[in-house]
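Reproduced below: work-v3.txt, with compact mmCIF, N, CA and C atoms.
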# COMPACT_ATOMS: atom_id res chain seq x y z
N MET A 28 -18.62 -8.73 -13.58
CA MET A 28 -19.20 -9.97 -13.12
C MET A 28 -20.33 -9.62 -12.15
N ASP A 29 -21.47 -10.23 -12.34
CA ASP A 29 -22.62 -9.94 -11.50
C ASP A 29 -22.93 -11.17 -10.65
N SER A 30 -22.32 -11.22 -9.47
CA SER A 30 -22.51 -12.35 -8.57
C SER A 30 -22.80 -11.84 -7.16
N LEU A 31 -23.96 -12.19 -6.68
CA LEU A 31 -24.34 -11.79 -5.32
C LEU A 31 -23.38 -12.39 -4.29
N LEU A 32 -22.99 -13.63 -4.51
CA LEU A 32 -22.08 -14.29 -3.59
C LEU A 32 -20.72 -13.57 -3.54
N LEU A 33 -20.19 -13.21 -4.71
CA LEU A 33 -18.91 -12.51 -4.76
C LEU A 33 -19.01 -11.13 -4.13
N ARG A 34 -20.08 -10.39 -4.42
CA ARG A 34 -20.24 -9.06 -3.81
C ARG A 34 -20.34 -9.15 -2.29
N THR A 35 -21.07 -10.15 -1.81
CA THR A 35 -21.22 -10.32 -0.36
C THR A 35 -19.89 -10.71 0.29
N ALA A 36 -19.18 -11.64 -0.33
CA ALA A 36 -17.89 -12.05 0.21
C ALA A 36 -16.89 -10.90 0.18
N ALA A 37 -16.89 -10.14 -0.92
CA ALA A 37 -15.96 -9.02 -1.03
C ALA A 37 -16.24 -7.95 0.01
N ARG A 38 -17.50 -7.77 0.36
CA ARG A 38 -17.85 -6.78 1.38
C ARG A 38 -17.19 -7.11 2.72
N ILE A 39 -16.96 -8.40 2.96
CA ILE A 39 -16.30 -8.84 4.20
C ILE A 39 -14.79 -8.91 4.03
N ILE A 40 -14.35 -9.44 2.90
CA ILE A 40 -12.92 -9.71 2.70
C ILE A 40 -12.11 -8.43 2.48
N VAL A 41 -12.62 -7.49 1.71
CA VAL A 41 -11.84 -6.30 1.34
C VAL A 41 -11.39 -5.50 2.57
N PRO A 42 -12.26 -5.17 3.52
CA PRO A 42 -11.77 -4.42 4.69
C PRO A 42 -10.74 -5.20 5.50
N VAL A 43 -10.95 -6.50 5.63
CA VAL A 43 -9.99 -7.33 6.38
C VAL A 43 -8.65 -7.36 5.65
N GLN A 44 -8.70 -7.48 4.33
CA GLN A 44 -7.48 -7.52 3.53
C GLN A 44 -6.74 -6.20 3.61
N LEU A 45 -7.44 -5.08 3.57
CA LEU A 45 -6.79 -3.78 3.69
C LEU A 45 -6.16 -3.60 5.08
N LEU A 46 -6.88 -4.02 6.10
CA LEU A 46 -6.33 -3.94 7.46
C LEU A 46 -5.10 -4.82 7.60
N TRP A 47 -5.14 -6.01 7.03
CA TRP A 47 -4.01 -6.93 7.08
C TRP A 47 -2.81 -6.33 6.34
N SER A 48 -3.07 -5.63 5.23
CA SER A 48 -1.97 -5.02 4.48
C SER A 48 -1.26 -3.96 5.32
N VAL A 49 -2.02 -3.19 6.08
CA VAL A 49 -1.42 -2.18 6.95
C VAL A 49 -0.65 -2.86 8.08
N TYR A 50 -1.19 -3.94 8.60
CA TYR A 50 -0.48 -4.71 9.65
C TYR A 50 0.87 -5.19 9.13
N LEU A 51 0.88 -5.77 7.92
CA LEU A 51 2.13 -6.24 7.35
C LEU A 51 3.11 -5.09 7.11
N LEU A 52 2.60 -3.95 6.71
CA LEU A 52 3.44 -2.77 6.52
C LEU A 52 4.10 -2.36 7.83
N VAL A 53 3.32 -2.29 8.88
CA VAL A 53 3.81 -1.77 10.16
C VAL A 53 4.82 -2.71 10.80
N ARG A 54 4.61 -4.00 10.70
CA ARG A 54 5.53 -4.92 11.35
C ARG A 54 6.70 -5.29 10.45
N GLY A 55 6.69 -4.83 9.23
CA GLY A 55 7.65 -5.26 8.24
C GLY A 55 9.09 -4.89 8.50
N HIS A 56 9.36 -3.81 9.20
CA HIS A 56 10.76 -3.46 9.41
C HIS A 56 11.39 -4.25 10.55
N ASN A 57 10.59 -4.96 11.33
CA ASN A 57 11.12 -5.80 12.41
C ASN A 57 11.02 -7.29 12.09
N GLU A 58 10.04 -7.70 11.32
CA GLU A 58 9.79 -9.10 11.01
C GLU A 58 9.41 -9.19 9.53
N PRO A 59 9.21 -10.41 9.02
CA PRO A 59 8.82 -10.53 7.61
C PRO A 59 7.55 -9.73 7.31
N GLY A 60 7.55 -9.15 6.15
CA GLY A 60 6.45 -8.29 5.73
C GLY A 60 7.04 -7.00 5.21
N GLY A 61 6.30 -5.96 5.25
CA GLY A 61 6.82 -4.68 4.83
C GLY A 61 5.99 -4.05 3.74
N GLY A 62 6.58 -3.05 3.12
CA GLY A 62 5.86 -2.26 2.14
C GLY A 62 5.48 -3.02 0.89
N PHE A 63 6.34 -3.92 0.42
CA PHE A 63 6.05 -4.61 -0.83
C PHE A 63 4.87 -5.55 -0.69
N ILE A 64 4.92 -6.44 0.26
CA ILE A 64 3.83 -7.41 0.40
C ILE A 64 2.56 -6.72 0.88
N GLY A 65 2.69 -5.70 1.71
CA GLY A 65 1.52 -4.93 2.13
C GLY A 65 0.86 -4.21 0.97
N GLY A 66 1.68 -3.64 0.09
CA GLY A 66 1.16 -2.97 -1.10
C GLY A 66 0.48 -3.95 -2.05
N LEU A 67 1.06 -5.14 -2.22
CA LEU A 67 0.42 -6.16 -3.05
C LEU A 67 -0.94 -6.55 -2.49
N LEU A 68 -1.00 -6.70 -1.19
CA LEU A 68 -2.27 -7.08 -0.55
C LEU A 68 -3.30 -5.97 -0.68
N ALA A 69 -2.89 -4.72 -0.53
CA ALA A 69 -3.81 -3.59 -0.69
C ALA A 69 -4.32 -3.51 -2.13
N ALA A 70 -3.41 -3.66 -3.09
CA ALA A 70 -3.83 -3.64 -4.50
C ALA A 70 -4.79 -4.79 -4.78
N GLY A 71 -4.51 -5.94 -4.21
CA GLY A 71 -5.39 -7.09 -4.39
C GLY A 71 -6.78 -6.83 -3.83
N ALA A 72 -6.85 -6.16 -2.70
CA ALA A 72 -8.15 -5.84 -2.11
C ALA A 72 -8.94 -4.89 -3.00
N ILE A 73 -8.27 -3.90 -3.54
CA ILE A 73 -8.95 -2.94 -4.43
C ILE A 73 -9.41 -3.64 -5.71
N ILE A 74 -8.57 -4.53 -6.22
CA ILE A 74 -8.92 -5.27 -7.42
C ILE A 74 -10.10 -6.21 -7.14
N LEU A 75 -10.10 -6.88 -6.00
CA LEU A 75 -11.23 -7.74 -5.64
C LEU A 75 -12.52 -6.94 -5.57
N HIS A 76 -12.44 -5.76 -4.99
CA HIS A 76 -13.61 -4.88 -4.94
C HIS A 76 -14.07 -4.52 -6.34
N GLY A 77 -13.11 -4.29 -7.24
CA GLY A 77 -13.45 -3.96 -8.62
C GLY A 77 -14.09 -5.13 -9.36
N ILE A 78 -13.60 -6.32 -9.13
CA ILE A 78 -14.17 -7.50 -9.78
C ILE A 78 -15.59 -7.73 -9.29
N ALA A 79 -15.80 -7.51 -8.00
CA ALA A 79 -17.12 -7.76 -7.42
C ALA A 79 -18.12 -6.67 -7.74
N ASN A 80 -17.67 -5.43 -7.80
CA ASN A 80 -18.61 -4.30 -7.91
C ASN A 80 -18.40 -3.43 -9.14
N GLY A 81 -17.43 -3.76 -9.96
CA GLY A 81 -17.13 -2.95 -11.14
C GLY A 81 -15.93 -2.05 -10.88
N MET A 82 -15.17 -1.82 -11.94
CA MET A 82 -13.96 -1.00 -11.80
C MET A 82 -14.24 0.45 -11.39
N PRO A 83 -15.37 1.05 -11.81
CA PRO A 83 -15.64 2.39 -11.28
C PRO A 83 -15.76 2.41 -9.75
N ALA A 84 -16.31 1.35 -9.18
CA ALA A 84 -16.41 1.26 -7.72
C ALA A 84 -15.02 1.12 -7.10
N ALA A 85 -14.13 0.39 -7.78
CA ALA A 85 -12.76 0.24 -7.27
C ALA A 85 -12.02 1.57 -7.30
N ARG A 86 -12.21 2.32 -8.39
CA ARG A 86 -11.59 3.65 -8.47
C ARG A 86 -12.11 4.56 -7.37
N GLN A 87 -13.39 4.44 -7.06
CA GLN A 87 -13.98 5.25 -6.00
C GLN A 87 -13.43 4.82 -4.64
N LEU A 88 -13.23 3.52 -4.45
CA LEU A 88 -12.66 3.03 -3.19
C LEU A 88 -11.24 3.55 -3.01
N LEU A 89 -10.47 3.58 -4.09
CA LEU A 89 -9.09 4.06 -4.01
C LEU A 89 -9.02 5.55 -3.70
N ARG A 90 -9.99 6.32 -4.16
CA ARG A 90 -10.15 7.75 -3.89
C ARG A 90 -9.15 8.67 -4.59
N VAL A 91 -7.98 8.18 -4.93
CA VAL A 91 -7.01 8.97 -5.66
C VAL A 91 -6.58 8.16 -6.88
N ARG A 92 -6.01 8.85 -7.86
CA ARG A 92 -5.52 8.15 -9.03
C ARG A 92 -4.30 7.32 -8.65
N PRO A 93 -4.13 6.16 -9.24
CA PRO A 93 -2.94 5.35 -8.94
C PRO A 93 -1.64 6.10 -9.21
N GLN A 94 -1.64 6.97 -10.22
CA GLN A 94 -0.43 7.74 -10.52
C GLN A 94 -0.06 8.66 -9.36
N THR A 95 -1.05 9.14 -8.64
CA THR A 95 -0.80 9.98 -7.47
C THR A 95 -0.12 9.16 -6.38
N LEU A 96 -0.59 7.93 -6.16
CA LEU A 96 0.06 7.06 -5.17
C LEU A 96 1.51 6.79 -5.54
N ILE A 97 1.74 6.53 -6.83
CA ILE A 97 3.10 6.25 -7.28
C ILE A 97 4.00 7.47 -7.05
N GLY A 98 3.51 8.65 -7.41
CA GLY A 98 4.29 9.88 -7.20
C GLY A 98 4.57 10.15 -5.74
N LEU A 99 3.56 9.98 -4.89
CA LEU A 99 3.76 10.18 -3.45
C LEU A 99 4.77 9.18 -2.90
N GLY A 100 4.69 7.95 -3.38
CA GLY A 100 5.63 6.92 -2.93
C GLY A 100 7.06 7.23 -3.31
N ILE A 101 7.25 7.68 -4.55
CA ILE A 101 8.61 8.02 -5.00
C ILE A 101 9.14 9.22 -4.21
N ALA A 102 8.28 10.19 -3.95
CA ALA A 102 8.70 11.35 -3.15
C ALA A 102 9.06 10.94 -1.73
N ALA A 103 8.25 10.06 -1.14
CA ALA A 103 8.54 9.59 0.23
C ALA A 103 9.84 8.78 0.27
N ALA A 104 10.11 8.00 -0.77
CA ALA A 104 11.36 7.24 -0.82
C ALA A 104 12.56 8.18 -0.87
N GLY A 105 12.45 9.22 -1.69
CA GLY A 105 13.53 10.20 -1.75
C GLY A 105 13.73 10.91 -0.43
N LEU A 106 12.62 11.27 0.22
CA LEU A 106 12.70 11.94 1.52
C LEU A 106 13.33 11.03 2.57
N SER A 107 13.01 9.73 2.51
CA SER A 107 13.59 8.81 3.51
C SER A 107 15.10 8.71 3.36
N GLY A 108 15.61 8.99 2.17
CA GLY A 108 17.06 8.99 1.99
C GLY A 108 17.71 10.29 2.37
N VAL A 109 16.95 11.38 2.25
CA VAL A 109 17.51 12.71 2.54
C VAL A 109 17.56 12.97 4.05
N ILE A 110 16.63 12.42 4.79
CA ILE A 110 16.57 12.65 6.25
C ILE A 110 17.91 12.34 6.93
N PRO A 111 18.54 11.18 6.66
CA PRO A 111 19.84 10.93 7.29
C PRO A 111 20.92 11.93 6.87
N MET A 112 20.82 12.42 5.64
CA MET A 112 21.82 13.38 5.17
C MET A 112 21.76 14.67 5.98
N LEU A 113 20.57 15.02 6.48
CA LEU A 113 20.45 16.21 7.32
C LEU A 113 21.19 16.04 8.64
N ALA A 114 21.39 14.79 9.04
CA ALA A 114 22.14 14.51 10.26
C ALA A 114 23.61 14.21 9.97
N GLY A 115 24.02 14.41 8.71
CA GLY A 115 25.42 14.18 8.35
C GLY A 115 25.75 12.73 8.05
N LEU A 116 24.75 11.91 7.83
CA LEU A 116 24.97 10.49 7.54
C LEU A 116 24.80 10.24 6.05
N PRO A 117 25.29 9.09 5.56
CA PRO A 117 25.12 8.78 4.14
C PRO A 117 23.64 8.60 3.76
N TYR A 118 23.38 8.80 2.47
CA TYR A 118 22.03 8.65 1.90
C TYR A 118 21.48 7.26 2.24
N LEU A 119 20.22 7.21 2.65
CA LEU A 119 19.47 6.00 2.99
C LEU A 119 19.99 5.25 4.22
N THR A 120 20.75 5.91 5.08
CA THR A 120 21.12 5.31 6.36
C THR A 120 19.89 5.34 7.26
N GLY A 121 19.67 4.26 7.98
CA GLY A 121 18.52 4.20 8.87
C GLY A 121 18.69 5.13 10.07
N VAL A 122 17.73 6.02 10.23
CA VAL A 122 17.71 6.93 11.38
C VAL A 122 16.40 6.69 12.11
N TRP A 123 16.51 6.32 13.38
CA TRP A 123 15.31 5.99 14.15
C TRP A 123 14.99 7.10 15.14
N GLY A 124 13.70 7.35 15.29
CA GLY A 124 13.23 8.33 16.26
C GLY A 124 12.62 7.61 17.45
N PHE A 125 11.45 8.01 17.80
CA PHE A 125 10.77 7.44 18.95
C PHE A 125 9.95 6.23 18.52
N GLY A 126 9.49 5.48 19.50
CA GLY A 126 8.64 4.32 19.23
C GLY A 126 7.58 4.21 20.31
N PHE A 127 6.55 3.45 20.00
CA PHE A 127 5.52 3.19 21.01
C PHE A 127 4.96 1.79 20.80
N PRO A 128 4.52 1.15 21.89
CA PRO A 128 4.00 -0.21 21.77
C PRO A 128 2.63 -0.23 21.10
N THR A 129 2.40 -1.25 20.29
CA THR A 129 1.09 -1.46 19.67
C THR A 129 0.51 -2.77 20.20
N LEU A 130 -0.76 -2.96 19.98
CA LEU A 130 -1.41 -4.17 20.48
C LEU A 130 -1.01 -5.42 19.71
N VAL A 131 -0.80 -5.30 18.40
CA VAL A 131 -0.57 -6.50 17.60
C VAL A 131 0.76 -6.55 16.88
N ALA A 132 1.45 -5.46 16.72
CA ALA A 132 2.67 -5.45 15.91
C ALA A 132 3.93 -5.18 16.72
N GLY A 133 3.88 -5.34 18.03
CA GLY A 133 5.06 -5.05 18.84
C GLY A 133 5.27 -3.55 18.96
N THR A 134 6.50 -3.14 19.15
CA THR A 134 6.82 -1.72 19.25
C THR A 134 6.98 -1.14 17.86
N LEU A 135 6.24 -0.09 17.58
CA LEU A 135 6.33 0.60 16.30
C LEU A 135 7.32 1.74 16.46
N LYS A 136 8.44 1.63 15.75
CA LYS A 136 9.47 2.67 15.80
C LYS A 136 9.35 3.53 14.56
N PHE A 137 9.36 4.83 14.76
CA PHE A 137 9.30 5.77 13.65
C PHE A 137 10.72 6.13 13.23
N GLY A 138 10.93 6.11 11.93
CA GLY A 138 12.24 6.46 11.42
C GLY A 138 12.25 6.39 9.90
N SER A 139 13.40 6.63 9.33
CA SER A 139 13.51 6.64 7.87
C SER A 139 13.24 5.28 7.24
N PRO A 140 13.58 4.14 7.88
CA PRO A 140 13.21 2.86 7.26
C PRO A 140 11.70 2.64 7.17
N LEU A 141 10.96 3.09 8.18
CA LEU A 141 9.51 2.98 8.11
C LEU A 141 8.95 3.88 7.01
N LEU A 142 9.51 5.06 6.86
CA LEU A 142 9.09 5.96 5.78
C LEU A 142 9.37 5.31 4.42
N PHE A 143 10.50 4.64 4.29
CA PHE A 143 10.82 3.95 3.04
C PHE A 143 9.83 2.81 2.80
N ASP A 144 9.46 2.07 3.85
CA ASP A 144 8.46 1.00 3.71
C ASP A 144 7.11 1.57 3.25
N VAL A 145 6.71 2.71 3.81
CA VAL A 145 5.47 3.36 3.39
C VAL A 145 5.57 3.77 1.92
N ALA A 146 6.74 4.25 1.52
CA ALA A 146 6.94 4.65 0.12
C ALA A 146 6.78 3.45 -0.80
N VAL A 147 7.37 2.33 -0.45
CA VAL A 147 7.24 1.11 -1.26
C VAL A 147 5.78 0.67 -1.30
N TYR A 148 5.11 0.74 -0.17
CA TYR A 148 3.68 0.37 -0.08
C TYR A 148 2.86 1.21 -1.06
N LEU A 149 3.10 2.51 -1.08
CA LEU A 149 2.34 3.39 -1.97
C LEU A 149 2.64 3.10 -3.44
N VAL A 150 3.91 2.90 -3.77
CA VAL A 150 4.27 2.63 -5.16
C VAL A 150 3.70 1.30 -5.62
N VAL A 151 3.82 0.27 -4.82
CA VAL A 151 3.32 -1.05 -5.22
C VAL A 151 1.80 -1.04 -5.34
N THR A 152 1.11 -0.39 -4.41
CA THR A 152 -0.35 -0.28 -4.51
C THR A 152 -0.73 0.49 -5.77
N GLY A 153 -0.04 1.58 -6.03
CA GLY A 153 -0.33 2.39 -7.21
C GLY A 153 -0.08 1.64 -8.51
N VAL A 154 1.06 0.97 -8.62
CA VAL A 154 1.39 0.24 -9.84
C VAL A 154 0.43 -0.93 -10.04
N GLY A 155 0.15 -1.66 -8.97
CA GLY A 155 -0.76 -2.80 -9.09
C GLY A 155 -2.14 -2.40 -9.56
N THR A 156 -2.68 -1.36 -8.97
CA THR A 156 -4.03 -0.92 -9.38
C THR A 156 -4.00 -0.28 -10.76
N LEU A 157 -2.94 0.46 -11.07
CA LEU A 157 -2.85 1.09 -12.39
C LEU A 157 -2.84 0.03 -13.49
N LEU A 158 -2.09 -1.03 -13.30
CA LEU A 158 -2.03 -2.10 -14.30
C LEU A 158 -3.40 -2.76 -14.49
N ILE A 159 -4.08 -3.04 -13.41
CA ILE A 159 -5.38 -3.71 -13.52
C ILE A 159 -6.41 -2.76 -14.11
N PHE A 160 -6.40 -1.50 -13.71
CA PHE A 160 -7.35 -0.55 -14.29
C PHE A 160 -7.11 -0.40 -15.79
N ALA A 161 -5.84 -0.36 -16.20
CA ALA A 161 -5.53 -0.25 -17.62
C ALA A 161 -5.98 -1.50 -18.37
N ALA A 162 -5.76 -2.66 -17.79
CA ALA A 162 -6.19 -3.91 -18.43
C ALA A 162 -7.71 -3.99 -18.52
N ALA A 163 -8.39 -3.50 -17.50
CA ALA A 163 -9.87 -3.51 -17.51
C ALA A 163 -10.39 -2.58 -18.59
N GLU A 164 -9.75 -1.43 -18.77
CA GLU A 164 -10.17 -0.50 -19.82
C GLU A 164 -9.94 -1.10 -21.20
N ASP A 165 -8.81 -1.80 -21.39
CA ASP A 165 -8.54 -2.45 -22.67
C ASP A 165 -9.56 -3.55 -22.94
N GLY A 166 -9.96 -4.27 -21.87
CA GLY A 166 -10.95 -5.32 -22.03
C GLY A 166 -12.31 -4.79 -22.41
N GLU A 167 -12.66 -3.60 -21.95
CA GLU A 167 -13.95 -3.00 -22.28
C GLU A 167 -13.98 -2.52 -23.73
N GLU A 168 -12.83 -2.07 -24.25
CA GLU A 168 -12.77 -1.58 -25.61
C GLU A 168 -12.80 -2.72 -26.63
N GLY A 169 -12.15 -3.83 -26.29
CA GLY A 169 -12.02 -4.94 -27.25
C GLY A 169 -13.10 -5.90 -27.12
How does the structure come out when it is put into structure tokens?
Amino acid sequence: MDSLLLRTAARIIVPVQLLWSVYLLVRGHNEPGGGFIGGLLAAGAIILHGIANGMPAARQLLRVRPQTLIGLGIAAAGLSGVIPMLAGLPYLTGVWGFGFPTLVAGTLKFGSPLLFDVAVYLVVTGVGTLLIFAAAEDGEEG
């Protein structure tokens, strides 16, 4: 789609949307939000960029293949379950470390639940963009 208005709006909306997705990810283990909705928002931002500027530009914005994000997410999810086992706890038990206050998301606590949220964020972003990139390629062929 070749629209100056859409390209201009996307130039403003995409960075805000990506920042908002990270905000939802970070506050998600204490309040509504988290990896799933943050990942959907991130995928939506990349897709919006692709609609406005072309899918090659969206792939460049993503910087890595969606399959890589999915693989990293699955690995991080597995690691978040193994960490408690190292402390003698059952698989996927929440283990919390240190925390520090943030300006907008309250206290950010580091632990296995946050790692699991990041894993979900990566998988959802990867799957969402992979599906749209595949659909865009099918649309170009047909």
TODO: Scan for residues within 8 Å of the point (18.9, 6.5, 13.0) in the coordinates of the file, using all atoms listed in the file, and reply as a list of chain:residue names.
DONE: A:Pro111, A:Thr120, A:Gly121, A:Val122, A:Trp123, A:Gly124, A:Gly138, A:Ser139, A:Pro140
Please tabulate, as CSV, the residues of range 38-80 of chain A that come within 8 Å of range 146-157 of chain A, each with its closest pair of atoms and the distance in Å to one decimal, counting only N, CA and C atoms and ordering rows by chain, then residue number upward.
residue,atom,partner,partner_atom,distance
A:Leu52,CA,A:Tyr148,CA,7.3
A:Gly61,C,A:Tyr148,N,6.2
A:Gly62,CA,A:Tyr148,N,3.9
A:Phe63,N,A:Tyr148,N,4.9
A:Ile64,N,A:Tyr148,CA,6.9
A:Gly65,C,A:Tyr148,CA,5.5
A:Gly66,CA,A:Thr152,N,4.2
A:Leu67,N,A:Val151,C,5.2
A:Leu68,N,A:Thr152,CA,7.3
A:Ala69,C,A:Thr152,CA,5.6
A:Ala70,N,A:Thr152,CA,4.8
A:Gly71,N,A:Gly155,C,6.8
A:Ile73,C,A:Thr156,CA,7.1
A:Ile74,N,A:Thr156,CA,6.6
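In this comparison, which uses all atoms listed in the file, the residue of A:Tyr50, A:Ala163, A:Ser30, A:Val43 approaching Val131 in chain A most closely is A:Tyr50.
For the pair CA of Ala37 in chain A and CA of Ile78 in chain A, the separation is 9.1 Å.
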Task: Computed interatomic separation between atom N of Lys136 in chain A and atom N of Val53 in chain A (Å) - done: 9.4 Å
Task: Which residue of A:Leu106, A:Leu96, A:Gly81, A:Leu33 approaches Glu164 in chain A most closely, using only C-alpha atoms - done: A:Gly81
Task: Computed interatomic separation between CA of Ala102 in chain A and atom C of Pro42 in chain A (Å) - done: 27.0 Å
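Taking the backbone of this structure through DSSP, the residues of chain A that come out as strand (DSSP E) are Trp123, Gly124, Phe125, Gly126, Phe127, Pro128, Thr134, Leu135, Lys136, Phe137 and Gly138 of chain A.
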- [ ] Extract, using only C-alpha atoms, all DNA, RNA and protein residues at most 9 Å from Phe143 in chain A, discarding same-chain residues fewer than 6 positions from it, and format them as a list in words.
- [x] Gly62, Gly100, Ala103, Ala104, Gly105, Leu106, Ser107, Gly108 and Leu119 of chain A
Open item on the list: Using DSSP assignments from the backbone, pull out every residue in chain A that falls under alpha helix (DSSP H) and give it to me as a ChimeraX atom specification.
Closed with: /A:31-54,62-80,82-89,93-113,139-168
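For the choices A:Leu51, A:Ala79, A:Leu141, A:Ala72, the atom-to-atom distance to Thr35 in chain A is smallest for A:Ala79 when using all atoms listed in the file.
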